[in-house]
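Structure data follow from upload28.cif (mmCIF, C-alpha atoms, pLDDT in the B column; chains and numbers go by the auth columns):
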data_coords
loop_
_atom_site.group_PDB
_atom_site.id
_atom_site.type_symbol
_atom_site.label_atom_id
_atom_site.label_comp_id
_atom_site.label_asym_id
_atom_site.label_seq_id
_atom_site.Cartn_x
_atom_site.Cartn_y
_atom_site.Cartn_z
_atom_site.B_iso_or_equiv
_atom_site.auth_seq_id
_atom_site.auth_asym_id
ATOM 1 C CA MET A 1 -6.650 10.301 -1.321 45.00 1 S
ATOM 2 C CA ALA A 2 -6.202 11.477 -4.863 48.00 2 S
ATOM 3 C CA ARG A 3 -3.728 14.221 -5.593 52.00 3 S
ATOM 4 C CA HIS A 4 -6.141 17.048 -6.308 56.00 4 S
ATOM 5 C CA GLY A 5 -4.369 19.732 -4.323 57.00 5 S
ATOM 6 C CA HIS A 6 -0.924 21.123 -3.947 54.00 6 S
ATOM 7 C CA VAL A 7 2.188 19.327 -2.794 50.00 7 S
ATOM 8 C CA HIS A 8 4.440 21.552 -0.682 51.00 8 S
ATOM 9 C CA ASN A 9 7.083 20.505 1.824 63.00 9 S
ATOM 10 C CA GLY A 10 5.694 16.988 1.933 80.00 10 S
ATOM 11 C CA LEU A 11 2.023 17.912 2.393 84.00 11 S
ATOM 12 C CA GLU A 12 -0.870 17.004 0.130 89.00 12 S
ATOM 13 C CA ILE A 13 -4.048 19.039 0.351 90.00 13 S
ATOM 14 C CA ALA A 14 -7.260 17.774 -1.224 92.00 14 S
ATOM 15 C CA ALA A 15 -10.322 19.993 -1.361 91.00 15 S
ATOM 16 C CA ARG A 16 -13.540 18.016 -1.439 89.00 16 S
ATOM 17 C CA ALA A 17 -17.156 19.153 -1.443 88.00 17 S
ATOM 18 C CA ALA A 18 -17.651 18.635 2.307 92.00 18 S
ATOM 19 C CA SER A 19 -14.076 18.727 3.638 94.00 19 S
ATOM 20 C CA VAL A 20 -10.426 19.577 3.139 94.00 20 S
ATOM 21 C CA ALA A 21 -7.997 16.717 3.740 93.00 21 S
ATOM 22 C CA VAL A 22 -4.292 17.086 4.561 91.00 22 S
ATOM 23 C CA ARG A 23 -1.688 14.339 4.738 91.00 23 S
ATOM 24 C CA ASP A 24 2.053 13.829 4.718 90.00 24 S
ATOM 25 C CA SER A 25 3.000 12.859 1.165 86.00 25 S
ATOM 26 C CA LYS A 26 6.109 11.106 2.468 86.00 26 S
ATOM 27 C CA ALA A 27 3.968 8.797 4.661 87.00 27 S
ATOM 28 C CA PRO A 28 0.601 8.504 2.873 84.00 28 S
ATOM 29 C CA ALA A 29 -0.494 5.446 4.872 89.00 29 S
ATOM 30 C CA ARG A 30 -0.454 7.459 8.101 91.00 30 S
ATOM 31 C CA ALA A 31 -3.344 9.526 9.422 90.00 31 S
ATOM 32 C CA THR A 32 -5.082 12.207 7.379 92.00 32 S
ATOM 33 C CA LEU A 33 -6.327 15.416 8.981 90.00 33 S
ATOM 34 C CA THR A 34 -9.788 16.362 7.741 94.00 34 S
ATOM 35 C CA PHE A 35 -11.317 19.806 8.246 92.00 35 S
ATOM 36 C CA PRO A 36 -14.694 21.322 7.442 94.00 36 S
ATOM 37 C CA PRO A 37 -14.020 23.881 4.677 90.00 37 S
ATOM 38 C CA GLU A 38 -14.847 26.837 6.950 93.00 38 S
ATOM 39 C CA ALA A 39 -12.222 25.707 9.507 93.00 39 S
ATOM 40 C CA PHE A 40 -9.340 25.234 7.063 90.00 40 S
ATOM 41 C CA ALA A 41 -8.499 28.910 6.466 89.00 41 S
ATOM 42 C CA PRO A 42 -8.255 29.667 10.225 91.00 42 S
ATOM 43 C CA PHE A 43 -6.067 26.550 10.607 86.00 43 S
ATOM 44 C CA LEU A 44 -3.661 27.838 7.943 86.00 44 S
ATOM 45 C CA GLU A 45 -3.563 31.295 9.528 90.00 45 S
ATOM 46 C CA ALA A 46 -2.711 29.758 12.912 91.00 46 S
ATOM 47 C CA LEU A 47 0.130 27.794 11.295 84.00 47 S
ATOM 48 C CA LYS A 48 1.486 30.942 9.679 88.00 48 S
ATOM 49 C CA LYS A 49 1.479 32.666 13.070 90.00 49 S
ATOM 50 C CA GLY A 50 3.312 29.730 14.660 86.00 50 S
ATOM 51 C CA ARG A 51 0.467 28.616 16.912 71.00 51 S
#

Can I see the file as structure tokens?
Amino acid sequence: MARHGHVHNGLEIAARAASVAVRDSKAPARATLTFPPEAFAPFLEALKKGR
């Protein structure tokens, strides 16, 4: 995954045309979470609320 997004607390976020990918920048060989763009904002809101 190229570094197109923001790096914050060890996370890389890459916005692509059909998805948003998130991975741990400290362990880039591990799994990447991929979301449809319309699901990413609700995911972030849930994280902020501690869910």

What do you get, as an mmCIF file with C-alpha atoms, keeping the file's coordinate frame, if you spell out every residue that the PyMOL selection byres ((chain S and resi 22) around 8) selects here?
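Writing done, so here's part15.cif:
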data_model
loop_
_atom_site.group_PDB
_atom_site.id
_atom_site.type_symbol
_atom_site.label_atom_id
_atom_site.label_comp_id
_atom_site.auth_asym_id
_atom_site.auth_seq_id
_atom_site.Cartn_x
_atom_site.Cartn_y
_atom_site.Cartn_z
ATOM 1 C CA LEU S 11 2.023 17.912 2.393
ATOM 2 C CA GLU S 12 -0.870 17.004 0.130
ATOM 3 C CA ILE S 13 -4.048 19.039 0.351
ATOM 4 C CA ALA S 14 -7.260 17.774 -1.224
ATOM 5 C CA VAL S 20 -10.426 19.577 3.139
ATOM 6 C CA ALA S 21 -7.997 16.717 3.740
ATOM 7 C CA ARG S 23 -1.688 14.339 4.738
ATOM 8 C CA ASP S 24 2.053 13.829 4.718
ATOM 9 C CA THR S 32 -5.082 12.207 7.379
ATOM 10 C CA LEU S 33 -6.327 15.416 8.981
ATOM 11 C CA THR S 34 -9.788 16.362 7.741
#

- request: Could you please determine the separation between CA of Ala31 in chain S and CA of Ala15 in chain S in Å, to one decimal place?
  value: 16.6 Å

- request: Mind giving me the straight-line distance from CA of Arg16 in chain S to CA of Phe40 in chain S in Å, one decimal?
  value: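 We find that CA of Arg16 in chain S and CA of Phe40 in chain S lie 11.9 Å from each other.
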
message: Show me, as a ChimeraX atom specification, the residues that have an atom within 6 Å of Pro36 in chain S when counting only C-alpha atoms, minus same-chain residues fewer than 2 positions from it.
response: /S:19,38-39

Would you mind exporting C-alpha atoms of the selected residues as an mmCIF file, keeping the file's coordinate frame?
data_model
loop_
_atom_site.group_PDB
_atom_site.id
_atom_site.type_symbol
_atom_site.label_atom_id
_atom_site.label_comp_id
_atom_site.auth_asym_id
_atom_site.auth_seq_id
_atom_site.Cartn_x
_atom_site.Cartn_y
_atom_site.Cartn_z
ATOM 1 C CA SER S 19 -14.076 18.727 3.638
ATOM 2 C CA GLU S 38 -14.847 26.837 6.950
ATOM 3 C CA ALA S 39 -12.222 25.707 9.507
#

- request: Could you check how far CA of Ala29 in chain S sits from CA of Lys49 in chain S, in Å to one decimal?
  value: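 So the answer is 28.5 Å.
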
Take every atom of range 46-51 of chain S listed in the file, fit an axis-aligned box around them, add 3 Å per side, and give the centre and edge lengths in Å to one decimal as JSON.
{"center_x": 0.3, "center_y": 30.2, "center_z": 13.3, "size_x": 12.0, "size_y": 10.9, "size_z": 13.2}
